[in-house]
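Novice: Please find one structure pasted underneath; my questions will follow.
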Amino acid sequence: MVGQKEILTAKELEEESSEQETGESAEHYEAQELLKKMQIEPDNSWAEETKEGSGSEEVQLQPWMKFEAQSLVERQTTISSHEQIIRTHEALQASDLGGGVNRVEFVELKDDGSVIFKPIDGEVPIGKKTNAHIEVGTYYKRERAAYLVSEYFGFHLVPPTIIRELNGEIGSAQEFIPDAKPAYELLKRDRSSLLEKLNVVGKRRDKKYIDALNRLFIFDHLIWSLDRHPGNFLLKEGNIHAIDNGLAFNKKGDEEYLKWRAHMPGFQYTKVAPADIVARLQEFASRPEQEEDIRSQMEGLLSAEEIDALVYRAKEIAKKVSENAVIYDDLSDRNRAAGGKLDIKFNKDYEG
Amino acid sequence: MKVEIYKLNNDGSQSVVATCSLESDKVMCRGDSETLRYLEQGIGDPETDELLYPKDGVRFLAVLKTHFKSGYLSASAILS
């Protein structure tokens, strides 16, 4: 385990500082002074956030949340052999990954691979403004919901994710992808887009990344992820793996969402929608029984309001990609249509 | 005051890919070039919806842990 030693939360800093009025070390004194300075600044939200998100603060979960978690483990229906492995194989060694906010563990499974485990008890509030509507104690369910949506609509972006009990705790367990690189490793020095960079590289594998990035954009719109950035999607052999979906299915409005996404360094929108995704969304929009399917899959994972919002977005995106998307089978055709640049933004209609 | 950023290896061990330290009022980051380049481009603050840069000092340090929380990449809390 790395990073557990010497961790000093803002609260501890305050305590230590008050104990050493006479000044035991220059370093501690400086920290105290800095803390005081930050606390009197008009915008000191970082300090509150540090306290909340230090990982050492206990967050009291509602008792029913634990019962609900147990119930989800028991009535969960797995849809693939990968899920079944994650669900049933015995956990061997587990290591706390020592992050500063929510608790995350790497757990090796007997005979087959490893998982990233995020226990419900390790959840802490993250981003009071952006994620105000997302209750602590629901992140693990959103991880599972994102996986199910990814599979249901044919995106295949999220590694198999289930809810299970490991070492006495319930949380999300997601298949670990070995040898994957965070997307930011392919960013250029300036803010030019990842798409452009990949297009310049021009390998077949990288062309697959372009298609996968298009999928990721639509997928994130569908699951209303405000938290995607080049540090939490992975690249490996032409595939993208969308991880860290615990803050998805947010309820913030379109305008805020697009503003946030515009901040993502090196990531811009494309209007080229993958044909299979367009077809799948159109099929969904035209067949009422599929709405019932997805509602049924999301039951217990998301609130009724969040499920309504998901269904609404799926229909709206289906409509918009049908009206606006330019779909080409061949990358060179797509590139020509985009005026030689694949990283153009969605037009106004799509963005709105 | 510093924050360490860890990358997860296949065997579950972790390596430090960058260390960001407060020096005067600014943050200095040291580590592998890809991670440094990424950090220089700014990190989104979920609290305020703004991008924070190393020049923003402690606020930049504090936001790292909310950004790198996937497990594949993890940032520590602020260390002494």
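Identifiers for the structure tokens are assigned positionally: chains receive A, B, ... in sequence, residues are indexed from 1 per chain, and ligands are indexed from 1 in the order shown.
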Which residues come within 7 Å of Ala242 (chain A), counting only C-alpha atoms, excluding same-chain residues fewer than 4 positions away, as a PyMOL selection string?

Specialist: chain A and resi 157-158+232-234

Novice: Set the cut-off to 8 Å and count only C-alpha atoms: what are the residues of chain B that reach chain A? Output as a ChimeraX atom specification.

Specialist: /B:1,4,6,9-10,12-14,34-35,37-38,41-42,44-49,51,59,62-63,65-71,73-80

Novice: Write out as a ChimeraX atom specification the set of residues from chain B that DSSP, computed on the backbone, places in alpha helix (DSSP H).

Specialist: /B:33-40,58-67

Novice: Could you check which of A:Ile210, A:Ala91, A:Ala275, A:Leu222 is closest to Arg313 (chain A), using only C-alpha atoms?

Specialist: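 For Arg313 (chain A), the nearest of the given residues is A:Leu222.
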
Novice: Run DSSP on the backbone of this structure and report the residues of region 80-126 of chain A it assigns to strand (DSSP E or B), as a PDB file with N, CA and C atoms, in the first residue's frame.

Specialist:
ATOM      1  N   ALA A  91     -12.006 -14.059  -3.392  1.00  0.00           N
ATOM      2  CA  ALA A  91     -11.035 -12.959  -3.331  1.00  0.00           C
ATOM      3  C   ALA A  91      -9.782 -13.424  -2.608  1.00  0.00           C
ATOM      4  N   LEU A  92      -8.647 -13.111  -3.195  1.00  0.00           N
ATOM      5  CA  LEU A  92      -7.389 -13.430  -2.526  1.00  0.00           C
ATOM      6  C   LEU A  92      -6.876 -12.165  -1.851  1.00  0.00           C
ATOM      7  N   GLN A  93      -5.784 -11.661  -2.345  1.00  0.00           N
ATOM      8  CA  GLN A  93      -5.192 -10.491  -1.698  1.00  0.00           C
ATOM      9  C   GLN A  93      -5.894  -9.185  -2.074  1.00  0.00           C
ATOM     10  N   ALA A  94      -6.096  -8.327  -1.109  1.00  0.00           N
ATOM     11  CA  ALA A  94      -6.676  -7.007  -1.381  1.00  0.00           C
ATOM     12  C   ALA A  94      -5.724  -5.932  -0.894  1.00  0.00           C
ATOM     13  N   SER A  95      -5.565  -4.885  -1.695  1.00  0.00           N
ATOM     14  CA  SER A  95      -4.718  -3.780  -1.219  1.00  0.00           C
ATOM     15  C   SER A  95      -5.430  -2.447  -1.416  1.00  0.00           C
ATOM     16  N   ASP A  96      -5.407  -1.656  -0.378  1.00  0.00           N
ATOM     17  CA  ASP A  96      -5.977  -0.310  -0.421  1.00  0.00           C
ATOM     18  C   ASP A  96      -5.066   0.557  -1.285  1.00  0.00           C
ATOM     19  N   GLU A 105      -9.909  -0.345  -3.767  1.00  0.00           N
ATOM     20  CA  GLU A 105      -9.008  -1.462  -3.501  1.00  0.00           C
ATOM     21  C   GLU A 105      -8.741  -2.264  -4.773  1.00  0.00           C
ATOM     22  N   PHE A 106      -7.560  -2.802  -4.835  1.00  0.00           N
ATOM     23  CA  PHE A 106      -7.212  -3.750  -5.898  1.00  0.00           C
ATOM     24  C   PHE A 106      -7.332  -5.133  -5.271  1.00  0.00           C
ATOM     25  N   VAL A 107      -8.198  -5.980  -5.864  1.00  0.00           N
ATOM     26  CA  VAL A 107      -8.430  -7.302  -5.280  1.00  0.00           C
ATOM     27  C   VAL A 107      -8.134  -8.374  -6.317  1.00  0.00           C
ATOM     28  N   GLU A 108      -7.241  -9.270  -5.946  1.00  0.00           N
ATOM     29  CA  GLU A 108      -6.912 -10.374  -6.835  1.00  0.00           C
ATOM     30  C   GLU A 108      -7.923 -11.492  -6.614  1.00  0.00           C
ATOM     31  N   LEU A 109      -8.440 -12.048  -7.721  1.00  0.00           N
ATOM     32  CA  LEU A 109      -9.409 -13.134  -7.606  1.00  0.00           C
ATOM     33  C   LEU A 109      -8.720 -14.471  -7.846  1.00  0.00           C
ATOM     34  N   SER A 114      -8.207  -9.805 -11.690  1.00  0.00           N
ATOM     35  CA  SER A 114      -8.321  -8.925 -10.527  1.00  0.00           C
ATOM     36  C   SER A 114      -9.452  -7.937 -10.765  1.00  0.00           C
ATOM     37  N   VAL A 115      -9.866  -7.292  -9.700  1.00  0.00           N
ATOM     38  CA  VAL A 115     -10.920  -6.281  -9.822  1.00  0.00           C
ATOM     39  C   VAL A 115     -10.525  -5.003  -9.094  1.00  0.00           C
ATOM     40  N   ILE A 116     -11.148  -3.930  -9.535  1.00  0.00           N
ATOM     41  CA  ILE A 116     -11.093  -2.671  -8.794  1.00  0.00           C
ATOM     42  C   ILE A 116     -12.362  -2.632  -7.951  1.00  0.00           C
ATOM     43  N   PHE A 117     -12.178  -2.619  -6.654  1.00  0.00           N
ATOM     44  CA  PHE A 117     -13.318  -2.706  -5.735  1.00  0.00           C
ATOM     45  C   PHE A 117     -13.523  -1.369  -5.030  1.00  0.00           C
ATOM     46  N   LYS A 118     -14.763  -0.885  -5.099  1.00  0.00           N
ATOM     47  CA  LYS A 118     -15.101   0.380  -4.434  1.00  0.00           C
ATOM     48  C   LYS A 118     -16.242   0.122  -3.442  1.00  0.00           C
ATOM     49  N   PRO A 119     -15.912  -0.025  -2.171  1.00  0.00           N
ATOM     50  CA  PRO A 119     -16.938  -0.364  -1.181  1.00  0.00           C
ATOM     51  C   PRO A 119     -17.853   0.817  -0.849  1.00  0.00           C
TER      52      PRO A 119
END

Novice: If we count only C-alpha atoms, what is near Thr161 (chain A) at a cut-off of 8 Å, once residues fewer than 4 positions away on the same chain are taken out, given as a list of chain:residue names?

Specialist: A:Glu83, A:Ile86, A:Glu143, A:Arg144, A:Tyr147, A:Ser172, A:Ala173, A:Gln174, A:Glu175

Novice: Considering only C-alpha atoms, return as number ranges by chain whatever protein or nucleic-acid residues lie within 10 Å of region 277-279 of chain A, sequence-local ones (same chain, fewer than 6 positions apart) excluded.

Specialist: A: 153-155, 214-215, 218-219, 285, 317-322, 325, 327

Novice: Hey, what's within 12 Å of Glu74 (chain A) if we count only C-alpha atoms and toss same-chain stuff fewer than 6 positions away? As JSON, numbers by chain, please?

Specialist: {"A": [67, 68, 87, 162, 163, 164, 165, 170]}

Novice: Just the residues within 12 Å of Glu135 (chain A), please, counting only C-alpha atoms, with nothing from its chain fewer than 6 positions along; format it as a ChimeraX atom specification.

Specialist: /A:59-62,65,120,123-128,141-142,246-251,302-303

Novice: Can you write just those residues out, N, CA and C atoms, as a PDB file, in the first residue's frame?

Specialist:
ATOM      1  N   VAL A  59     -18.333   8.798   6.921  1.00  0.00           N
ATOM      2  CA  VAL A  59     -19.602   9.278   6.391  1.00  0.00           C
ATOM      3  C   VAL A  59     -20.674   8.312   6.839  1.00  0.00           C
ATOM      4  N   GLN A  60     -21.650   8.849   7.545  1.00  0.00           N
ATOM      5  CA  GLN A  60     -22.686   7.997   8.098  1.00  0.00           C
ATOM      6  C   GLN A  60     -23.696   7.645   7.015  1.00  0.00           C
ATOM      7  N   LEU A  61     -23.746   6.392   6.648  1.00  0.00           N
ATOM      8  CA  LEU A  61     -24.718   5.969   5.644  1.00  0.00           C
ATOM      9  C   LEU A  61     -26.048   5.695   6.324  1.00  0.00           C
ATOM     10  N   GLN A  62     -27.127   5.911   5.586  1.00  0.00           N
ATOM     11  CA  GLN A  62     -28.435   5.564   6.105  1.00  0.00           C
ATOM     12  C   GLN A  62     -28.491   4.038   6.277  1.00  0.00           C
ATOM     13  N   MET A  65     -29.471   1.827   3.430  1.00  0.00           N
ATOM     14  CA  MET A  65     -28.547   1.690   2.297  1.00  0.00           C
ATOM     15  C   MET A  65     -27.784   0.371   2.360  1.00  0.00           C
ATOM     16  N   ILE A 120     -19.084   0.498  -0.565  1.00  0.00           N
ATOM     17  CA  ILE A 120     -20.055   1.536  -0.199  1.00  0.00           C
ATOM     18  C   ILE A 120     -19.563   2.300   1.032  1.00  0.00           C
ATOM     19  N   GLU A 123     -17.258   5.420   0.409  1.00  0.00           N
ATOM     20  CA  GLU A 123     -17.697   6.570  -0.388  1.00  0.00           C
ATOM     21  C   GLU A 123     -17.708   7.849   0.451  1.00  0.00           C
ATOM     22  N   VAL A 124     -17.260   8.919  -0.160  1.00  0.00           N
ATOM     23  CA  VAL A 124     -17.293  10.237   0.507  1.00  0.00           C
ATOM     24  C   VAL A 124     -17.829  11.264  -0.496  1.00  0.00           C
ATOM     25  N   PRO A 125     -18.340  12.387  -0.010  1.00  0.00           N
ATOM     26  CA  PRO A 125     -18.854  13.407  -0.935  1.00  0.00           C
ATOM     27  C   PRO A 125     -17.738  13.953  -1.823  1.00  0.00           C
ATOM     28  N   ILE A 126     -18.040  14.089  -3.092  1.00  0.00           N
ATOM     29  CA  ILE A 126     -17.051  14.634  -4.033  1.00  0.00           C
ATOM     30  C   ILE A 126     -17.722  15.729  -4.849  1.00  0.00           C
ATOM     31  N   GLY A 127     -17.259  16.942  -4.703  1.00  0.00           N
ATOM     32  CA  GLY A 127     -17.783  18.031  -5.524  1.00  0.00           C
ATOM     33  C   GLY A 127     -19.210  18.400  -5.156  1.00  0.00           C
ATOM     34  N   LYS A 128     -19.356  19.181  -4.098  1.00  0.00           N
ATOM     35  CA  LYS A 128     -20.704  19.500  -3.619  1.00  0.00           C
ATOM     36  C   LYS A 128     -21.525  20.241  -4.669  1.00  0.00           C
ATOM     37  N   LYS A 141     -23.610   1.731  -7.050  1.00  0.00           N
ATOM     38  CA  LYS A 141     -24.730   1.328  -7.913  1.00  0.00           C
ATOM     39  C   LYS A 141     -24.615   1.981  -9.288  1.00  0.00           C
ATOM     40  N   ARG A 142     -24.094   3.194  -9.309  1.00  0.00           N
ATOM     41  CA  ARG A 142     -23.927   3.903 -10.582  1.00  0.00           C
ATOM     42  C   ARG A 142     -22.853   3.228 -11.442  1.00  0.00           C
ATOM     43  N   GLY A 246     -18.774   6.270 -10.997  1.00  0.00           N
ATOM     44  CA  GLY A 246     -19.567   6.386  -9.776  1.00  0.00           C
ATOM     45  C   GLY A 246     -20.331   7.687  -9.619  1.00  0.00           C
ATOM     46  N   LEU A 247     -19.991   8.681 -10.427  1.00  0.00           N
ATOM     47  CA  LEU A 247     -20.714   9.958 -10.337  1.00  0.00           C
ATOM     48  C   LEU A 247     -21.602  10.179 -11.562  1.00  0.00           C
ATOM     49  N   ALA A 248     -21.857   9.108 -12.294  1.00  0.00           N
ATOM     50  CA  ALA A 248     -22.698   9.242 -13.493  1.00  0.00           C
ATOM     51  C   ALA A 248     -24.180   9.342 -13.115  1.00  0.00           C
ATOM     52  N   PHE A 249     -25.004   9.585 -14.116  1.00  0.00           N
ATOM     53  CA  PHE A 249     -26.452   9.745 -13.955  1.00  0.00           C
ATOM     54  C   PHE A 249     -26.753  10.946 -13.059  1.00  0.00           C
ATOM     55  N   ASN A 250     -25.967  11.963 -13.277  1.00  0.00           N
ATOM     56  CA  ASN A 250     -26.159  13.215 -12.565  1.00  0.00           C
ATOM     57  C   ASN A 250     -27.459  13.862 -13.056  1.00  0.00           C
ATOM     58  N   LYS A 251     -27.919  14.845 -12.327  1.00  0.00           N
ATOM     59  CA  LYS A 251     -29.174  15.494 -12.725  1.00  0.00           C
ATOM     60  C   LYS A 251     -28.990  16.947 -13.133  1.00  0.00           C
ATOM     61  N   LEU A 302     -30.813   3.046  -9.786  1.00  0.00           N
ATOM     62  CA  LEU A 302     -31.018   4.490  -9.908  1.00  0.00           C
ATOM     63  C   LEU A 302     -32.391   4.837  -9.354  1.00  0.00           C
ATOM     64  N   SER A 303     -32.591   6.100  -9.028  1.00  0.00           N
ATOM     65  CA  SER A 303     -33.915   6.535  -8.580  1.00  0.00           C
ATOM     66  C   SER A 303     -34.867   6.563  -9.776  1.00  0.00           C
TER      67      SER A 303
END
